[in-house]
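Q: Please find model23.cif (mmCIF, N, CA and C atoms) on the next line:
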data_structure
#
loop_
_atom_site.label_atom_id
_atom_site.label_comp_id
_atom_site.auth_asym_id
_atom_site.auth_seq_id
_atom_site.Cartn_x
_atom_site.Cartn_y
_atom_site.Cartn_z
N MET J 1 -24.70 4.64 -4.67
CA MET J 1 -26.01 4.92 -4.12
C MET J 1 -26.90 5.45 -5.24
N GLN J 2 -28.09 4.95 -5.29
CA GLN J 2 -29.01 5.34 -6.34
C GLN J 2 -29.96 6.46 -5.92
N SER J 3 -30.10 6.68 -4.60
CA SER J 3 -31.04 7.71 -4.14
C SER J 3 -30.63 8.21 -2.76
N ASN J 4 -31.22 9.35 -2.38
CA ASN J 4 -30.97 9.89 -1.04
C ASN J 4 -31.49 8.94 0.02
N ALA J 5 -32.62 8.29 -0.23
CA ALA J 5 -33.19 7.35 0.74
C ALA J 5 -32.25 6.16 0.97
N GLU J 6 -31.65 5.66 -0.10
CA GLU J 6 -30.70 4.56 0.03
C GLU J 6 -29.47 4.99 0.82
N ALA J 7 -28.98 6.19 0.56
CA ALA J 7 -27.83 6.73 1.30
C ALA J 7 -28.17 6.89 2.78
N LEU J 8 -29.37 7.38 3.07
CA LEU J 8 -29.80 7.55 4.45
C LEU J 8 -29.91 6.19 5.15
N ASN J 9 -30.46 5.19 4.50
CA ASN J 9 -30.55 3.85 5.09
C ASN J 9 -29.17 3.28 5.38
N TYR J 10 -28.25 3.46 4.45
CA TYR J 10 -26.89 2.97 4.65
C TYR J 10 -26.23 3.69 5.83
N ALA J 11 -26.40 5.00 5.91
CA ALA J 11 -25.83 5.78 7.01
C ALA J 11 -26.41 5.34 8.35
N ARG J 12 -27.70 5.11 8.41
CA ARG J 12 -28.34 4.65 9.65
C ARG J 12 -27.80 3.29 10.07
N ALA J 13 -27.64 2.38 9.11
CA ALA J 13 -27.10 1.06 9.43
C ALA J 13 -25.67 1.17 9.93
N TYR J 14 -24.88 2.03 9.31
CA TYR J 14 -23.48 2.22 9.71
C TYR J 14 -23.41 2.77 11.13
N VAL J 15 -24.21 3.78 11.44
CA VAL J 15 -24.21 4.37 12.78
C VAL J 15 -24.69 3.34 13.81
N ALA J 16 -25.75 2.61 13.48
CA ALA J 16 -26.27 1.61 14.42
C ALA J 16 -25.25 0.52 14.71
N SER J 17 -24.46 0.14 13.73
CA SER J 17 -23.49 -0.93 13.93
C SER J 17 -22.24 -0.45 14.67
N ARG J 18 -22.03 0.86 14.78
CA ARG J 18 -20.83 1.38 15.42
C ARG J 18 -21.12 2.22 16.67
N GLN J 19 -22.36 2.25 17.14
CA GLN J 19 -22.69 3.14 18.24
C GLN J 19 -22.11 2.68 19.58
N GLU J 20 -21.89 1.38 19.75
CA GLU J 20 -21.30 0.87 20.98
C GLU J 20 -19.79 0.78 20.81
N THR J 21 -19.05 1.27 21.78
CA THR J 21 -17.59 1.22 21.70
C THR J 21 -17.08 -0.11 22.22
N SER J 22 -15.95 -0.52 21.71
CA SER J 22 -15.29 -1.74 22.17
C SER J 22 -13.80 -1.61 21.88
N ILE J 23 -13.04 -2.56 22.39
CA ILE J 23 -11.61 -2.59 22.09
C ILE J 23 -11.46 -2.84 20.60
N ARG J 24 -10.61 -2.05 19.96
CA ARG J 24 -10.48 -2.13 18.51
C ARG J 24 -9.11 -2.66 18.10
N CYS J 25 -9.06 -3.20 16.93
CA CYS J 25 -7.82 -3.54 16.25
C CYS J 25 -7.91 -2.87 14.89
N ASP J 26 -7.27 -1.71 14.74
CA ASP J 26 -7.41 -0.90 13.53
C ASP J 26 -6.61 -1.43 12.35
N ALA J 27 -5.56 -2.20 12.62
CA ALA J 27 -4.73 -2.70 11.53
C ALA J 27 -3.89 -3.87 12.02
N ILE J 28 -3.50 -4.72 11.09
CA ILE J 28 -2.54 -5.77 11.38
C ILE J 28 -1.42 -5.65 10.34
N GLU J 29 -0.22 -5.89 10.79
CA GLU J 29 0.94 -5.82 9.89
C GLU J 29 1.61 -7.18 9.85
N LEU J 30 1.85 -7.67 8.65
CA LEU J 30 2.51 -8.95 8.46
C LEU J 30 3.89 -8.73 7.87
N ASN J 31 4.88 -9.41 8.43
CA ASN J 31 6.24 -9.37 7.90
C ASN J 31 6.38 -10.58 6.99
N LEU J 32 6.13 -10.40 5.71
CA LEU J 32 6.13 -11.51 4.76
C LEU J 32 7.53 -11.95 4.35
N TYR J 33 8.53 -11.14 4.64
CA TYR J 33 9.90 -11.46 4.27
C TYR J 33 10.45 -12.61 5.12
N GLN J 34 9.86 -12.81 6.30
CA GLN J 34 10.37 -13.82 7.22
C GLN J 34 10.04 -15.25 6.79
N TYR J 35 9.09 -15.42 5.86
CA TYR J 35 8.68 -16.75 5.47
C TYR J 35 9.65 -17.36 4.47
N SER J 36 10.02 -18.62 4.72
CA SER J 36 10.89 -19.32 3.77
C SER J 36 10.09 -20.16 2.79
N THR J 37 8.78 -20.28 3.02
CA THR J 37 7.90 -21.01 2.10
C THR J 37 6.75 -20.09 1.68
N ASP J 38 5.95 -20.53 0.75
CA ASP J 38 4.91 -19.69 0.16
C ASP J 38 3.64 -19.46 0.97
N PRO J 39 3.23 -20.28 1.93
CA PRO J 39 1.89 -20.09 2.52
C PRO J 39 1.64 -18.70 3.10
N GLY J 40 2.60 -18.10 3.78
CA GLY J 40 2.39 -16.77 4.36
C GLY J 40 2.11 -15.70 3.32
N PRO J 41 3.01 -15.50 2.37
CA PRO J 41 2.76 -14.49 1.33
C PRO J 41 1.53 -14.78 0.48
N ILE J 42 1.27 -16.04 0.15
CA ILE J 42 0.10 -16.35 -0.65
C ILE J 42 -1.18 -16.02 0.13
N ALA J 43 -1.21 -16.37 1.41
CA ALA J 43 -2.39 -16.04 2.23
C ALA J 43 -2.61 -14.53 2.29
N ALA J 44 -1.53 -13.77 2.44
CA ALA J 44 -1.66 -12.31 2.50
C ALA J 44 -2.13 -11.73 1.17
N LEU J 45 -1.63 -12.25 0.08
CA LEU J 45 -2.02 -11.74 -1.24
C LEU J 45 -3.44 -12.15 -1.61
N ASP J 46 -3.95 -13.22 -1.02
CA ASP J 46 -5.32 -13.67 -1.30
C ASP J 46 -6.37 -12.83 -0.59
N LEU J 47 -5.99 -12.13 0.49
CA LEU J 47 -6.96 -11.30 1.21
C LEU J 47 -7.36 -10.11 0.36
N ASP J 48 -8.65 -9.75 0.43
CA ASP J 48 -9.17 -8.64 -0.35
C ASP J 48 -10.12 -7.84 0.52
N PHE J 49 -10.56 -6.71 0.01
CA PHE J 49 -11.50 -5.86 0.73
C PHE J 49 -12.73 -6.66 1.14
N PHE J 50 -13.19 -6.45 2.37
CA PHE J 50 -14.37 -7.06 2.96
C PHE J 50 -14.18 -8.52 3.33
N ASP J 51 -12.98 -9.09 3.14
CA ASP J 51 -12.74 -10.46 3.59
C ASP J 51 -12.74 -10.48 5.12
N PRO J 52 -13.36 -11.49 5.72
CA PRO J 52 -13.32 -11.59 7.18
C PRO J 52 -11.99 -12.17 7.65
N VAL J 53 -11.48 -11.65 8.76
CA VAL J 53 -10.26 -12.16 9.39
C VAL J 53 -10.52 -12.27 10.89
N THR J 54 -10.01 -13.32 11.50
CA THR J 54 -10.10 -13.48 12.94
C THR J 54 -8.72 -13.21 13.52
N ILE J 55 -8.64 -12.25 14.43
CA ILE J 55 -7.37 -11.81 14.99
C ILE J 55 -7.36 -12.13 16.48
N THR J 56 -6.29 -12.77 16.93
CA THR J 56 -6.10 -13.06 18.35
C THR J 56 -4.85 -12.33 18.82
N THR J 57 -4.99 -11.52 19.85
CA THR J 57 -3.85 -10.81 20.41
C THR J 57 -3.73 -11.12 21.89
N THR J 58 -2.49 -11.12 22.39
CA THR J 58 -2.25 -11.30 23.80
C THR J 58 -2.11 -9.92 24.43
N GLN J 59 -2.94 -9.66 25.42
CA GLN J 59 -2.98 -8.36 26.09
C GLN J 59 -2.01 -8.35 27.27
N PRO J 60 -1.65 -7.16 27.75
CA PRO J 60 -0.84 -7.09 28.97
C PRO J 60 -1.56 -7.83 30.10
N GLY J 61 -0.82 -8.62 30.85
CA GLY J 61 -1.42 -9.42 31.91
C GLY J 61 -1.74 -10.83 31.47
N GLY J 62 -1.56 -11.13 30.17
CA GLY J 62 -1.73 -12.49 29.69
C GLY J 62 -3.09 -12.86 29.15
N SER J 63 -4.08 -11.96 29.21
CA SER J 63 -5.39 -12.29 28.65
C SER J 63 -5.34 -12.21 27.13
N SER J 64 -6.29 -12.85 26.48
CA SER J 64 -6.36 -12.85 25.02
C SER J 64 -7.59 -12.09 24.55
N LEU J 65 -7.46 -11.47 23.41
CA LEU J 65 -8.56 -10.77 22.77
C LEU J 65 -8.73 -11.38 21.38
N VAL J 66 -9.94 -11.85 21.08
CA VAL J 66 -10.24 -12.45 19.77
C VAL J 66 -11.31 -11.60 19.11
N LYS J 67 -11.03 -11.11 17.91
CA LYS J 67 -11.98 -10.28 17.16
C LYS J 67 -12.10 -10.82 15.75
N THR J 68 -13.32 -10.85 15.23
CA THR J 68 -13.54 -11.15 13.82
C THR J 68 -13.86 -9.82 13.14
N LEU J 69 -13.00 -9.43 12.20
CA LEU J 69 -13.08 -8.14 11.54
C LEU J 69 -13.13 -8.33 10.03
N GLN J 70 -13.28 -7.22 9.32
CA GLN J 70 -13.22 -7.24 7.86
C GLN J 70 -12.05 -6.38 7.40
N VAL J 71 -11.45 -6.77 6.29
CA VAL J 71 -10.36 -6.01 5.69
C VAL J 71 -10.97 -4.83 4.94
N PHE J 72 -10.50 -3.61 5.26
CA PHE J 72 -11.00 -2.41 4.60
C PHE J 72 -9.88 -1.64 3.90
N GLY J 73 -8.65 -2.13 3.97
CA GLY J 73 -7.56 -1.46 3.28
C GLY J 73 -6.33 -2.36 3.28
N VAL J 74 -5.51 -2.22 2.23
CA VAL J 74 -4.30 -3.03 2.08
C VAL J 74 -3.17 -2.11 1.62
N ALA J 75 -2.00 -2.23 2.27
CA ALA J 75 -0.82 -1.46 1.85
C ALA J 75 0.39 -2.38 1.90
N HIS J 76 1.18 -2.38 0.83
CA HIS J 76 2.40 -3.17 0.77
C HIS J 76 3.59 -2.23 0.80
N ASN J 77 4.59 -2.57 1.60
CA ASN J 77 5.85 -1.84 1.64
C ASN J 77 6.94 -2.85 1.35
N VAL J 78 7.45 -2.84 0.11
CA VAL J 78 8.41 -3.83 -0.34
C VAL J 78 9.73 -3.15 -0.67
N THR J 79 10.81 -3.66 -0.08
CA THR J 79 12.17 -3.21 -0.38
C THR J 79 13.00 -4.46 -0.68
N PRO J 80 14.26 -4.32 -1.09
CA PRO J 80 15.06 -5.52 -1.38
C PRO J 80 15.21 -6.46 -0.18
N ASN J 81 15.13 -5.94 1.05
CA ASN J 81 15.33 -6.78 2.23
C ASN J 81 14.11 -6.86 3.14
N SER J 82 12.95 -6.42 2.67
CA SER J 82 11.76 -6.52 3.52
C SER J 82 10.50 -6.52 2.67
N TRP J 83 9.46 -7.06 3.27
CA TRP J 83 8.13 -7.05 2.66
C TRP J 83 7.12 -7.03 3.78
N ARG J 84 6.54 -5.87 4.02
CA ARG J 84 5.55 -5.71 5.08
C ARG J 84 4.21 -5.33 4.44
N THR J 85 3.19 -6.05 4.85
CA THR J 85 1.83 -5.79 4.36
C THR J 85 0.98 -5.38 5.55
N THR J 86 0.29 -4.25 5.42
CA THR J 86 -0.59 -3.76 6.47
C THR J 86 -2.03 -3.84 5.98
N PHE J 87 -2.87 -4.50 6.78
CA PHE J 87 -4.29 -4.60 6.49
C PHE J 87 -5.04 -3.70 7.46
N THR J 88 -5.76 -2.70 6.95
CA THR J 88 -6.63 -1.88 7.78
C THR J 88 -7.90 -2.70 8.02
N THR J 89 -8.33 -2.76 9.28
CA THR J 89 -9.48 -3.59 9.62
C THR J 89 -10.54 -2.76 10.33
N LEU J 90 -11.79 -3.19 10.19
CA LEU J 90 -12.93 -2.59 10.87
C LEU J 90 -13.92 -3.69 11.24
N GLU J 91 -14.78 -3.36 12.19
CA GLU J 91 -15.87 -4.27 12.53
C GLU J 91 -16.76 -4.42 11.30
N PRO J 92 -17.37 -5.59 11.11
CA PRO J 92 -18.34 -5.73 10.02
C PRO J 92 -19.45 -4.69 10.18
N ILE J 93 -19.95 -4.18 9.07
CA ILE J 93 -20.96 -3.13 9.12
C ILE J 93 -22.22 -3.64 9.81
N ILE J 94 -22.73 -4.80 9.40
CA ILE J 94 -23.92 -5.39 10.03
C ILE J 94 -23.67 -6.89 10.13
N ASP J 95 -23.95 -7.45 11.30
CA ASP J 95 -23.78 -8.88 11.51
C ASP J 95 -25.04 -9.63 11.13
N SER J 96 -25.35 -9.69 9.85
CA SER J 96 -26.52 -10.42 9.39
C SER J 96 -26.37 -10.70 7.90
N PHE J 97 -27.38 -11.32 7.32
CA PHE J 97 -27.36 -11.58 5.89
C PHE J 97 -28.77 -11.57 5.34
N ILE J 98 -28.85 -11.43 4.04
CA ILE J 98 -30.13 -11.41 3.35
C ILE J 98 -30.19 -12.67 2.49
N LEU J 99 -31.17 -13.53 2.77
CA LEU J 99 -31.29 -14.78 2.03
C LEU J 99 -31.74 -14.54 0.60
N ASN J 100 -31.28 -15.39 -0.30
CA ASN J 100 -31.69 -15.37 -1.70
C ASN J 100 -31.45 -14.03 -2.37
N SER J 101 -30.32 -13.42 -2.09
CA SER J 101 -30.04 -12.13 -2.69
C SER J 101 -28.66 -12.14 -3.32
N GLU J 102 -28.60 -12.18 -4.62
CA GLU J 102 -27.31 -12.12 -5.30
C GLU J 102 -26.72 -10.73 -5.24
N LEU J 103 -27.55 -9.71 -5.03
CA LEU J 103 -27.07 -8.34 -4.93
C LEU J 103 -26.24 -8.14 -3.67
N TYR J 104 -26.68 -8.72 -2.55
CA TYR J 104 -25.99 -8.52 -1.28
C TYR J 104 -25.13 -9.70 -0.87
N GLY J 105 -25.01 -10.71 -1.68
CA GLY J 105 -24.13 -11.82 -1.37
C GLY J 105 -24.83 -13.16 -1.45
N ILE J 106 -24.04 -14.20 -1.48
CA ILE J 106 -24.53 -15.56 -1.56
C ILE J 106 -24.05 -16.30 -0.33
N LEU J 107 -24.95 -16.95 0.39
CA LEU J 107 -24.64 -17.67 1.60
C LEU J 107 -23.53 -18.69 1.34
N ASP J 108 -22.54 -18.75 2.26
CA ASP J 108 -21.37 -19.61 2.18
C ASP J 108 -20.41 -19.25 1.05
N THR J 109 -20.63 -18.12 0.37
CA THR J 109 -19.74 -17.70 -0.70
C THR J 109 -19.22 -16.29 -0.47
N SER J 110 -20.11 -15.38 -0.11
CA SER J 110 -19.77 -13.96 -0.01
C SER J 110 -19.68 -13.51 1.44
N VAL J 111 -19.01 -12.39 1.65
CA VAL J 111 -19.09 -11.68 2.92
C VAL J 111 -20.35 -10.85 2.82
N LEU J 112 -21.28 -11.09 3.70
CA LEU J 112 -22.59 -10.48 3.58
C LEU J 112 -22.70 -9.27 4.50
N SER J 113 -23.20 -8.18 3.98
CA SER J 113 -23.43 -6.97 4.77
C SER J 113 -24.51 -6.15 4.06
N TYR J 114 -24.87 -5.00 4.67
CA TYR J 114 -25.91 -4.17 4.08
C TYR J 114 -25.49 -3.71 2.73
#
In structure tokens, write the structure found in this file.

A:
Amino acid sequence: MQSNAEALNYARAYVASRQETSIRCDAIELNLYQYSTDPGPIAALDLDFFDPVTITTTQPGGSSLVKTLQVFGVAHNVTPNSWRTTFTTLEPIIDSFILNSELYGILDTSVLSY
């Protein structure tokens, strides 16, 4: 942050984007040891902070919940007989984009947020 005004604008955007409550998915855990081929581990290792992920879960009663979230944290737990990766997820800060702005992202290339 370069100024108090910029920090205040960011805080306001963050509060505005999170003021409504909804069903959350705070983290996903992948068991990468179970894969006998490379696509699973490679996909998990390619994910980075702010990457969008779409998560589908089956709820009690058989209904499905689909959420598009962003990765905000990564933790690997590797032992000789296991490899579990946990991705901390959050709702995107703002569901919009700024055109012609290399500072805030490039359309079809970057994850765009405030």

Q: Using only N, CA and C atoms, which protein or nucleic acid residues come within 6 Å of Tyr33 (chain J)? Drop anything in the same chain fewer than 4 positions from it, and give the result as a ChimeraX atom specification.

A: /J:82-84

Q: Select, from J:Thr89, J:Asn4, J:Asn9, J:Gln34, the residue with the minimum atom-to-atom distance to Leu69 (chain J), counting only N, CA and C atoms.

A: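 Closest to Leu69 (chain J) of all the choices is J:Thr89.
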
Q: Residues near Thr56 (chain J), anyone? I mean within 7 Å using only C-alpha atoms, not counting same-chain ones fewer than 5 positions away, as number ranges by chain.

A: J: 64-67

Q: Could you save those same residues with N, CA and C atoms as a PDB file, keeping the file's coordinate frame?

A:
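See part05.pdb below for the written result:
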ATOM      1  N   SER J  64      -6.290 -12.850  26.480  1.00  0.00           N
ATOM      2  CA  SER J  64      -6.360 -12.850  25.020  1.00  0.00           C
ATOM      3  C   SER J  64      -7.590 -12.090  24.550  1.00  0.00           C
ATOM      4  N   LEU J  65      -7.460 -11.470  23.410  1.00  0.00           N
ATOM      5  CA  LEU J  65      -8.560 -10.770  22.770  1.00  0.00           C
ATOM      6  C   LEU J  65      -8.730 -11.380  21.380  1.00  0.00           C
ATOM      7  N   VAL J  66      -9.940 -11.850  21.080  1.00  0.00           N
ATOM      8  CA  VAL J  66     -10.240 -12.450  19.770  1.00  0.00           C
ATOM      9  C   VAL J  66     -11.310 -11.600  19.110  1.00  0.00           C
ATOM     10  N   LYS J  67     -11.030 -11.110  17.910  1.00  0.00           N
ATOM     11  CA  LYS J  67     -11.980 -10.280  17.160  1.00  0.00           C
ATOM     12  C   LYS J  67     -12.100 -10.820  15.750  1.00  0.00           C
TER      13      LYS J  67
END

Q: Calculate how many Å separate atom N of Val15 (chain J) from atom N of Thr54 (chain J), rounding to one decimal.

A: 22.2 Å

Q: If you measure from atom N of Pro92 (chain J) to CA of Pro52 (chain J), what distance in Å do you get, rounded to one decimal?

A: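 If I compute the distance from atom N of Pro92 (chain J) to CA of Pro52 (chain J), I get 8.2 Å.
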
Q: I need the residue set behind the PyMOL selection byres ((chain J and resi 70) around 7) for this file; please write it as a list in words.

A: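 Evaluating the PyMOL selection byres ((chain J and resi 70) around 7) on these coordinates yields Phe49, Phe50, Asp51, Pro52, Val53, Thr68, Leu69, Val71, Phe72, Gly73, Thr88, Thr89, Leu90, Glu91 and Pro92 of chain J.
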
Q: Measure the distance from CA of Ala27 (chain J) to atom C of Phe87 (chain J) in Å and round it to one decimal.

A: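 Computed distance, CA of Ala27 (chain J) to atom C of Phe87 (chain J), equals 4.2 Å.
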
Q: Running DSSP on the backbone, which parts of region 23-87 of chain J land in alpha helix (DSSP H), as a list in words?

A: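 Those residues are Pro39, Gly40, Pro41, Ile42, Ala43, Ala44, Leu45 and Asp46 of chain J.
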
Q: List every residue of region 57-100 of chain J that DSSP, applied to the backbone of this structure, assigns to strand (DSSP E or B), and report them as a PyMOL selection string.

A: chain J and resi 57-58+64-79+82-90
